[in-house]
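Structure data follow from data13.cif (mmCIF, C-alpha atoms):
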```cif
data_model
#
loop_
_atom_site.group_PDB
_atom_site.id
_atom_site.type_symbol
_atom_site.label_atom_id
_atom_site.label_comp_id
_atom_site.auth_asym_id
_atom_site.auth_seq_id
_atom_site.Cartn_x
_atom_site.Cartn_y
_atom_site.Cartn_z
ATOM 1 C CA MET E 1 25.354 24.059 45.732
ATOM 2 C CA ILE E 2 23.428 22.830 42.714
ATOM 3 C CA ASP E 3 23.305 19.060 42.296
ATOM 4 C CA SER E 4 21.419 18.727 39.020
ATOM 5 C CA ILE E 5 19.357 20.451 36.358
ATOM 6 C CA ASN E 6 16.398 18.717 34.734
ATOM 7 C CA ILE E 7 15.068 20.079 31.461
ATOM 8 C CA LEU E 8 11.993 18.764 29.683
ATOM 9 C CA ILE E 9 10.964 20.239 26.350
ATOM 10 C CA SER E 10 7.893 18.772 24.718
ATOM 11 C CA ARG E 11 5.259 19.423 22.110
ATOM 12 C CA GLY E 12 1.943 17.815 22.967
ATOM 13 C CA THR E 13 2.693 14.276 24.128
ATOM 14 C CA VAL E 14 6.051 14.137 22.305
ATOM 15 C CA ASN E 15 9.231 14.792 24.289
ATOM 16 C CA ILE E 16 11.719 16.741 22.190
ATOM 17 C CA TYR E 17 14.418 16.882 24.845
ATOM 18 C CA LYS E 18 14.612 15.145 28.181
ATOM 19 C CA VAL E 19 17.825 16.397 29.772
ATOM 20 C CA LEU E 20 19.523 15.648 33.091
ATOM 21 C CA ILE E 21 22.690 17.559 33.910
ATOM 22 C CA ASP E 22 24.588 16.037 36.839
ATOM 23 C CA LEU E 23 26.852 18.775 38.172
ATOM 24 C CA ASN E 24 28.606 16.432 40.602
ATOM 25 C CA ASN E 25 29.918 14.256 37.751
ATOM 26 C CA ASN E 26 30.024 16.800 34.885
ATOM 27 C CA SER E 27 27.750 14.578 32.844
ATOM 28 C CA CYS E 28 24.681 15.263 30.787
ATOM 29 C CA TYR E 29 22.012 12.833 29.655
ATOM 30 C CA ILE E 30 19.987 13.918 26.632
ATOM 31 C CA ASN E 31 17.159 11.563 25.722
ATOM 32 C CA GLN E 32 18.952 8.849 27.743
ATOM 33 C CA LYS E 33 22.312 9.203 25.978
ATOM 34 C CA LYS E 34 25.276 10.250 28.136
ATOM 35 C CA TYR E 35 27.623 13.127 27.281
ATOM 36 C CA ASP E 36 30.510 14.641 29.257
ATOM 37 C CA ILE E 37 30.361 18.407 29.721
ATOM 38 C CA ASP E 38 32.730 20.865 31.334
ATOM 39 C CA ASN E 39 32.127 23.525 33.966
ATOM 40 C CA ASN E 40 32.191 26.332 31.368
ATOM 41 C CA LEU E 41 29.211 24.829 29.560
ATOM 42 C CA ILE E 42 27.366 24.189 32.820
ATOM 43 C CA ASN E 43 27.938 27.812 33.853
ATOM 44 C CA LYS E 44 26.724 29.014 30.449
ATOM 45 C CA ILE E 45 23.490 27.044 30.891
ATOM 46 C CA LEU E 46 23.012 28.388 34.412
ATOM 47 C CA ASP E 47 23.694 31.966 33.259
ATOM 48 C CA ILE E 48 20.859 31.597 30.761
ATOM 49 C CA ILE E 49 18.347 30.010 33.128
ATOM 50 C CA VAL E 50 18.849 32.217 36.198
ATOM 51 C CA THR E 51 17.690 35.291 34.250
ATOM 52 C CA TRP E 52 14.270 33.688 33.697
ATOM 53 C CA LYS E 53 10.993 34.281 35.487
ATOM 54 C CA TYR E 54 9.606 31.218 37.230
ATOM 55 C CA GLU E 55 6.426 31.109 35.131
ATOM 56 C CA TYR E 56 5.799 32.316 31.581
ATOM 57 C CA GLY E 57 2.228 31.103 31.304
ATOM 58 C CA TYR E 58 0.307 29.115 28.731
ATOM 59 C CA SER E 59 -0.489 29.714 25.088
ATOM 60 C CA ASN E 60 -3.821 28.462 23.796
ATOM 61 C CA THR E 61 -2.103 27.176 20.653
ATOM 62 C CA LEU E 62 -2.683 23.480 20.103
ATOM 63 C CA ASP E 63 0.532 21.467 20.597
ATOM 64 C CA ALA E 64 2.563 24.524 21.613
ATOM 65 C CA GLU E 65 6.097 23.765 22.715
ATOM 66 C CA GLU E 66 6.382 23.543 26.501
ATOM 67 C CA PHE E 67 9.434 23.726 28.730
ATOM 68 C CA THR E 68 10.041 22.837 32.342
ATOM 69 C CA VAL E 69 13.420 23.403 33.985
ATOM 70 C CA ILE E 70 14.075 22.239 37.537
ATOM 71 C CA ILE E 71 17.233 23.140 39.418
ATOM 72 C CA ASN E 72 17.896 20.799 42.341
ATOM 73 C CA SER E 73 19.929 22.248 45.204
ATOM 74 C CA GLU E 74 19.160 22.900 48.852
ATOM 75 C CA LYS E 75 15.798 23.981 47.499
ATOM 76 C CA ILE E 76 14.090 23.143 44.215
ATOM 77 C CA ILE E 77 13.675 25.988 41.723
ATOM 78 C CA SER E 78 11.321 25.499 38.794
ATOM 79 C CA TYR E 79 10.800 27.416 35.515
ATOM 80 C CA HIS E 80 7.951 26.796 33.095
ATOM 81 C CA GLY E 81 6.240 28.060 29.980
ATOM 82 C CA LYS E 82 4.004 26.744 27.226
ATOM 83 C CA GLY E 83 4.123 28.660 23.959
ATOM 84 C CA ILE E 84 5.572 31.675 25.794
ATOM 85 C CA PHE E 85 9.350 31.707 26.227
ATOM 86 C CA PRO E 86 12.168 33.704 27.802
ATOM 87 C CA GLU E 87 14.062 35.992 25.439
ATOM 88 C CA ASN E 88 17.163 33.751 25.465
ATOM 89 C CA TYR E 89 15.293 30.422 25.280
ATOM 90 C CA ASN E 90 16.748 29.608 21.852
ATOM 91 C CA GLU E 91 20.264 29.929 23.304
ATOM 92 C CA LEU E 92 19.463 27.058 25.676
ATOM 93 C CA LEU E 93 18.083 24.980 22.790
ATOM 94 C CA SER E 94 21.233 25.702 20.792
ATOM 95 C CA ILE E 95 23.480 24.525 23.628
ATOM 96 C CA ILE E 96 21.484 21.321 24.112
ATOM 97 C CA GLY E 97 21.565 20.648 20.369
ATOM 98 C CA GLY E 98 25.315 21.310 20.318
ATOM 99 C CA ILE E 99 25.946 18.800 23.123
ATOM 100 C CA GLU E 100 23.795 16.210 21.371
ATOM 101 C CA HIS E 101 25.715 16.562 18.087
ATOM 102 C CA GLU E 102 29.221 16.288 19.560
#
```
Show me this structure written as structure tokens.
Amino acid sequence: MIDSINILISRGTVNIYKVLIDLNNNSCYINQKKYDIDNNLINKILDIIVTWKYEYGYSNTLDAEEFTVIINSEKIISYHGKGIFPENYNELLSIIGGIEHE
């Protein structure tokens, strides 16, 4: 059972999104603001993330966008990339942005 999902998206030293999804309470904190989310949205996020490789590597581009996603369950699963992204990465960004603008 997954307890939480942590997502950090940054560019250089600037955090774009700092997200905590608490699956036990169906709540989501984006940049310290709380939002309620339903199981359908949580499952959509998980469907996107679980198709990813664990590591996408590093781009040498200065201030490249970097993501780290950590799924906390019985074991911790981590996904990361800097300047190199999964094919459906923008779908995750779109969902986060949609939650934030509700």
| task | Carefully work through the PyMOL selection byres ((chain E and resi 38-51) around 12) for this structure and note down the residues it includes, as a ChimeraX atom specification. | result | /E:2-7,20-28,35-37,52-54,67-71,77-80,85-96,98-99
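Here CA of Glu100 in chain E stands at a distance of 28.0 Å from CA of Gly57 in chain E.
Across the model, the gap from CA of Lys82 in chain E to CA of Leu62 in chain E is 10.3 Å.
Nearest residue to Gly81 in chain E among E:Ser59, E:Arg11, E:His101, E:Lys34 is E:Ser59, counting all atoms listed in the file.
Of the residues listed (E:Val19, E:Tyr58, E:Glu65, E:Ile30), E:Ile30 shows the shortest atom-to-atom separation from Glu102 in chain E; distances use all atoms listed in the file.
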Edge lengths and centre, in Å to one decimal, as JSON: that's what I need for the box along x, y and z that holds all listed atoms of range 43-46 of chain E plus 6 Å on each side.
```
{"center_x": 25.5, "center_y": 28.0, "center_z": 32.4, "size_x": 16.9, "size_y": 14.0, "size_z": 16.0}
```
| task | To one decimal in Å, tell me the separation between CA of Tyr29 in chain E and CA of Val14 in chain E. | result | 17.6 Å
| request: I would like the residues chosen by the PyMOL selection byres ((chain E and resi 63) around 9) on the shown file; could you give them as a PyMOL selection string? | output: chain E and resi 10-13+60-62+64-66+83
Exactly which residues make up the result of the PyMOL selection byres ((chain E and resi 74) around 9) on this file, given as a PDB file with C-alpha atoms, in the frame of the given file?
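The file below, expr21.pdb, is the result:
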```pdb
ATOM      1  CA  MET E   1      25.354  24.059  45.732  1.00  0.00           C
ATOM      2  CA  ILE E   2      23.428  22.830  42.714  1.00  0.00           C
ATOM      3  CA  ASP E   3      23.305  19.060  42.296  1.00  0.00           C
ATOM      4  CA  ASN E  72      17.896  20.799  42.341  1.00  0.00           C
ATOM      5  CA  SER E  73      19.929  22.248  45.204  1.00  0.00           C
ATOM      6  CA  LYS E  75      15.798  23.981  47.499  1.00  0.00           C
ATOM      7  CA  ILE E  76      14.090  23.143  44.215  1.00  0.00           C
TER       8      ILE E  76
END
```
Reconstruct range 69-85 of chain E at the level of N, CA, C and O atoms, and format the result as a PDB file, in the frame of the given file.
```pdb
ATOM      1  N   VAL E  69      12.038  23.510  33.520  1.00  0.00           N
ATOM      2  CA  VAL E  69      13.420  23.403  33.985  1.00  0.00           C
ATOM      3  C   VAL E  69      13.373  23.371  35.498  1.00  0.00           C
ATOM      4  O   VAL E  69      12.747  24.224  36.131  1.00  0.00           O
ATOM      5  N   ILE E  70      14.027  22.375  36.080  1.00  0.00           N
ATOM      6  CA  ILE E  70      14.075  22.239  37.537  1.00  0.00           C
ATOM      7  C   ILE E  70      15.530  22.194  37.966  1.00  0.00           C
ATOM      8  O   ILE E  70      16.297  21.345  37.498  1.00  0.00           O
ATOM      9  N   ILE E  71      15.895  23.119  38.840  1.00  0.00           N
ATOM     10  CA  ILE E  71      17.233  23.140  39.418  1.00  0.00           C
ATOM     11  C   ILE E  71      17.135  22.551  40.818  1.00  0.00           C
ATOM     12  O   ILE E  71      16.358  23.032  41.646  1.00  0.00           O
ATOM     13  N   ASN E  72      17.901  21.484  41.050  1.00  0.00           N
ATOM     14  CA  ASN E  72      17.896  20.799  42.341  1.00  0.00           C
ATOM     15  C   ASN E  72      19.112  21.220  43.146  1.00  0.00           C
ATOM     16  O   ASN E  72      20.244  20.967  42.752  1.00  0.00           O
ATOM     17  N   SER E  73      18.865  21.863  44.268  1.00  0.00           N
ATOM     18  CA  SER E  73      19.929  22.248  45.204  1.00  0.00           C
ATOM     19  C   SER E  73      19.361  22.098  46.600  1.00  0.00           C
ATOM     20  O   SER E  73      18.548  21.207  46.818  1.00  0.00           O
ATOM     21  N   GLU E  74      19.757  22.963  47.511  1.00  0.00           N
ATOM     22  CA  GLU E  74      19.160  22.900  48.852  1.00  0.00           C
ATOM     23  C   GLU E  74      17.647  23.066  48.768  1.00  0.00           C
ATOM     24  O   GLU E  74      16.894  22.546  49.563  1.00  0.00           O
ATOM     25  N   LYS E  75      17.223  23.851  47.783  1.00  0.00           N
ATOM     26  CA  LYS E  75      15.798  23.981  47.499  1.00  0.00           C
ATOM     27  C   LYS E  75      15.596  23.749  46.002  1.00  0.00           C
ATOM     28  O   LYS E  75      16.528  23.866  45.206  1.00  0.00           O
ATOM     29  N   ILE E  76      14.402  23.417  45.615  1.00  0.00           N
ATOM     30  CA  ILE E  76      14.090  23.143  44.215  1.00  0.00           C
ATOM     31  C   ILE E  76      13.533  24.418  43.583  1.00  0.00           C
ATOM     32  O   ILE E  76      12.619  25.037  44.120  1.00  0.00           O
ATOM     33  N   ILE E  77      14.118  24.803  42.448  1.00  0.00           N
ATOM     34  CA  ILE E  77      13.675  25.988  41.723  1.00  0.00           C
ATOM     35  C   ILE E  77      13.157  25.519  40.369  1.00  0.00           C
ATOM     36  O   ILE E  77      13.832  24.777  39.660  1.00  0.00           O
ATOM     37  N   SER E  78      11.962  25.968  40.010  1.00  0.00           N
ATOM     38  CA  SER E  78      11.321  25.499  38.794  1.00  0.00           C
ATOM     39  C   SER E  78      10.968  26.667  37.870  1.00  0.00           C
ATOM     40  O   SER E  78      10.548  27.729  38.329  1.00  0.00           O
ATOM     41  N   TYR E  79      11.139  26.439  36.551  1.00  0.00           N
ATOM     42  CA  TYR E  79      10.800  27.416  35.515  1.00  0.00           C
ATOM     43  C   TYR E  79       9.910  26.721  34.503  1.00  0.00           C
ATOM     44  O   TYR E  79      10.138  25.557  34.172  1.00  0.00           O
ATOM     45  N   HIS E  80       8.912  27.445  33.988  1.00  0.00           N
ATOM     46  CA  HIS E  80       7.951  26.796  33.095  1.00  0.00           C
ATOM     47  C   HIS E  80       7.338  27.793  32.119  1.00  0.00           C
ATOM     48  O   HIS E  80       7.144  28.957  32.443  1.00  0.00           O
ATOM     49  N   GLY E  81       7.004  27.287  30.949  1.00  0.00           N
ATOM     50  CA  GLY E  81       6.240  28.060  29.980  1.00  0.00           C
ATOM     51  C   GLY E  81       5.704  27.141  28.899  1.00  0.00           C
ATOM     52  O   GLY E  81       6.291  26.112  28.599  1.00  0.00           O
ATOM     53  N   LYS E  82       4.579  27.517  28.338  1.00  0.00           N
ATOM     54  CA  LYS E  82       4.004  26.744  27.226  1.00  0.00           C
ATOM     55  C   LYS E  82       3.595  27.725  26.140  1.00  0.00           C
ATOM     56  O   LYS E  82       2.626  28.474  26.293  1.00  0.00           O
ATOM     57  N   GLY E  83       4.386  27.750  25.062  1.00  0.00           N
ATOM     58  CA  GLY E  83       4.123  28.660  23.959  1.00  0.00           C
ATOM     59  C   GLY E  83       4.590  30.079  24.212  1.00  0.00           C
ATOM     60  O   GLY E  83       4.528  30.925  23.336  1.00  0.00           O
ATOM     61  N   ILE E  84       5.039  30.368  25.406  1.00  0.00           N
ATOM     62  CA  ILE E  84       5.572  31.675  25.794  1.00  0.00           C
ATOM     63  C   ILE E  84       6.940  31.411  26.408  1.00  0.00           C
ATOM     64  O   ILE E  84       7.055  30.623  27.356  1.00  0.00           O
ATOM     65  N   PHE E  85       7.978  32.074  25.872  1.00  0.00           N
ATOM     66  CA  PHE E  85       9.350  31.707  26.227  1.00  0.00           C
ATOM     67  C   PHE E  85      10.180  32.908  26.666  1.00  0.00           C
ATOM     68  O   PHE E  85       9.915  34.035  26.224  1.00  0.00           O
TER      69      PHE E  85
END
```
